[in-house]
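Read the structure below first, then the notes.
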Amino acid sequence: MVYIIVAFVAFMIYMWIEAHRHRVVFHSLSFPTFPESFSRFRLFFISDIHRRRISETFIDSLKGKVDLVIIGGDLTEKGVPFSRVKRNIELLKQLGPVYFVWGNNDYEVDYHELDALLLESGVKILDNTAVTFESERGDCIALLGVDDMNKRRDRLDLALSDAEHTTFRILVSHDPRIIEKIMPQHQIALVLSGHTHGGQIRLGPFGLYEKGCLQNINGTMLLVSNGYGTTTLPLRLGARAETHLIELKHEKS
């Protein structure tokens with residue numbers, strides 16, 4: 001009986017450790033439509049922070065490697081103090097300009113207060129809108145963001161209209177199901193999403209959701225992150241906590 005208890009405690013500790021890893025997955029992605037004049041474009045993508053406190057040491061390890069930061073929704077959830085949210089934002093701002101899309105759990109808190117905190121902190125909210133980055137040669141990259149699909153607040157059409165006259169587009173959506181609404185004429189090269197936690201606790205190949213991955217769907221690259229935090233239980237199994245450092249480059253023929 002003692003051995004069973006010891007084994008159970010050890011197993012729980014292992015799952016707790018898996019849930020609190022500071023893991024960065026590096027992706028080097030090349031696209032023929034990516035403007036050559038940008039040379040490269042480095043994005044740090046973090047989704048589903050929930051209750052976690054971002055590590056200062058972790059942020060220090062990324063300094064100088066990032067051009068901008070994207071928060072893919074579920075920055076917080078019910079019961080998380082706004083002081084913790086503000087601290088996490090301030091740490092992320094040390095890496096570069098921060099952009100944010102809403103997730104379903106962000107609406108569990110006073111979202112008017114969260115909105116005010118984000119604006120006060122200088123975070124750009126992409127709520128069915130887009131921002132454009134222009135190189136010295138006049139080439140453009142558009143970063144689009146849609147509001148949460150679970151609340152039926154997403155309006156891809158509005159984000160696209162805000163990104164007119166751009167040929168390379170990156171879309172951020174908390175929920176990866178946005179891929180079902182994307183058509184080739186939208187010219188979206190890359191989608192960044194989270195929400196699923198990779199199933200969070202998996203038994204081998206089985207889980208509530210598919211494990212996070214990067215895949216090509218009808219010509220659009222879709223990245224689904226396992227996420228940085230957890231929900232309900234601060235435990236993971238078979239779906240490690242992760243963030244992403246994404247380098248975009250021009251694909252030479």
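To be explicit about the labels: the chains of the structure tokens are called A, B, and onward in the order shown, and within each one the residues are counted from 1, while ligands get numbers from 1 in the order they are shown.
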Next on the checklist: When DSSP is applied to the backbone of this structure, which of segment 72-174 of chain A are assigned alpha helix (DSSP H)? Write them out as number ranges by chain.
Outcome noted: A: 82-93, 111-120, 156-161
Which residues of segment 179-229 of chain A have any atom within 9 Å of an atom in segment 162-175 of chain A when counting only C-alpha atoms, and what is the closest pair of atoms for each, with the distance in Å to one decimal? Order the rows by chain and rising number and write it as CSV.
```
residue,atom,partner,partner_atom,distance
A:Ile179,CA,A:Asp175,CA,9.0
A:His186,CA,A:Arg169,CA,8.5
A:Gln187,CA,A:Thr167,CA,6.4
A:Ile188,CA,A:Arg169,CA,4.7
A:Ala189,CA,A:Arg169,CA,5.7
A:Leu190,CA,A:Ile170,CA,4.9
A:Val191,CA,A:Leu171,CA,4.7
A:Leu192,CA,A:Val172,CA,4.8
A:Ser193,CA,A:His174,CA,4.8
A:Gly194,CA,A:His174,CA,5.4
A:His195,CA,A:Asp175,CA,5.6
A:Thr196,CA,A:Asp175,CA,7.8
A:Val224,CA,A:Asp175,CA,8.7
```
Next on the checklist: Would you pick out the contacts of Arg84 of chain A at 12 Å or less, using only C-alpha atoms, so that residues sharing its chain but fewer than 2 positions from it are not included, and give the list as a list in words?
Outcome noted: Ile49, His50, Arg51, Arg52, Arg53, Ile54, Ser55, Leu75, Thr76, Glu77, Gly79, Val80, Pro81, Phe82, Lys86, Arg87, Asn88, Ile89, Glu90, Leu91, Leu114 and Leu117 of chain A
Next on the checklist: Just checking: using only C-alpha atoms, which residue out of A:Met12, A:Leu29, A:Val98, A:Leu222 ends up closest to Ile46 of chain A?
Outcome noted: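 Going through A:Met12, A:Leu29, A:Val98, A:Leu222 one by one, the smallest distance to Ile46 of chain A is for A:Val98.
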Checklist entry - With only C-alpha atoms as the atoms that count, which of A:Gln215, A:Asn150, A:Ser135, A:Thr231 lies nearest to Phe34 of chain A? => result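 Ranking A:Gln215, A:Asn150, A:Ser135, A:Thr231 by distance to Phe34 of chain A, first place goes to A:Ser135.
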Interface rows for segment 38-58 of chain A against segment 240-247 of chain A: nearest pair, Å to one decimal, 9 Å, only C-alpha atoms, as CSV:
```
residue,atom,partner,partner_atom,distance
A:Arg40,CA,A:Glu247,CA,6.6
A:Phe41,CA,A:Glu247,CA,5.6
A:Arg42,CA,A:Glu247,CA,4.5
A:Leu43,CA,A:Ile246,CA,5.0
A:Phe44,CA,A:Leu245,CA,4.7
A:Phe45,CA,A:His244,CA,5.0
A:Ile46,CA,A:Thr243,CA,5.0
A:Ser47,CA,A:Thr243,CA,7.3
```
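Going from atom CA of Trp16 of chain A to atom CA of Arg202 of chain A covers 13.9 Å.
The residue that comes closest to Glu180 of chain A, out of A:Gln200, A:Asn128, A:Asn105, A:Asn218 and on the basis of only C-alpha atoms, is A:Asn218.
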Using only C-alpha atoms, which residues sit within 9 Å of Leu158 of chain A once same-chain residues fewer than 6 positions away are excluded, as a compact mmCIF listing (two decimals) with N, CA, C and O atoms, in the first residue's frame?
```txt
# COMPACT_ATOMS: atom_id res chain seq x y z
N ASN A 128 -11.04 41.62 -34.17
CA ASN A 128 -11.58 41.70 -35.54
C ASN A 128 -10.96 42.86 -36.30
O ASN A 128 -11.62 43.54 -37.10
N THR A 129 -9.68 43.10 -36.01
CA THR A 129 -8.93 44.17 -36.65
C THR A 129 -7.58 43.64 -37.12
O THR A 129 -7.25 42.47 -36.92
N ALA A 130 -6.79 44.51 -37.74
CA ALA A 130 -5.48 44.13 -38.22
C ALA A 130 -4.51 45.29 -38.07
O ALA A 130 -4.93 46.46 -38.01
N VAL A 146 -8.93 37.88 -34.58
CA VAL A 146 -10.38 37.82 -34.43
C VAL A 146 -10.74 37.60 -32.97
O VAL A 146 -9.99 36.98 -32.21
```
Next on the checklist: One number please: atom CA of Ile59 of chain A to atom CA of Leu92 of chain A, in Å, one decimal.
Outcome noted: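 Computing the Euclidean distance for atom CA of Ile59 of chain A and atom CA of Leu92 of chain A yields 7.1 Å.
Residue neighbourhood of Glu210 of chain A, excluding near-sequence residues (fewer than 2 positions): Thr196, Gly198, Gly199, Gly207, Leu208 and Gly212 of chain A, at 8 Å, using only C-alpha atoms.
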Would you save the residues from that selection as a PDB file, in the first residue's frame, using C-alpha atoms?
```
ATOM      1  CA  THR A 196      -7.227  23.095 -26.700  1.00  0.00           C
ATOM      2  CA  GLY A 198      -3.338  19.708 -26.444  1.00  0.00           C
ATOM      3  CA  GLY A 199      -5.850  17.755 -24.377  1.00  0.00           C
ATOM      4  CA  GLY A 207      -7.132  12.983 -25.207  1.00  0.00           C
ATOM      5  CA  LEU A 208     -10.076  15.374 -25.220  1.00  0.00           C
ATOM      6  CA  GLY A 212      -0.782  20.756 -30.453  1.00  0.00           C
TER       7      GLY A 212
END
```
Next on the checklist: For a quick check of understanding, using only C-alpha atoms, which of A:Gly73, A:Arg236, A:His22, A:Lys252 has the smallest distance to Ser39 of chain A?
Outcome noted: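 Result for the nearest residue to Ser39 of chain A: A:Lys252.
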Next on the checklist: As an exercise, work out the distance from atom CA of His197 of chain A to atom CA of Ile5 of chain A in Å and give it to one decimal place.
Outcome noted: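 Going from atom CA of His197 of chain A over to atom CA of Ile5 of chain A, I get 28.1 Å.
If only C-alpha atoms are the atoms counted, then among A:Tyr14, A:Gly204, A:Asp157, A:Glu108 the closest residue to Met183 of chain A is A:Asp157.
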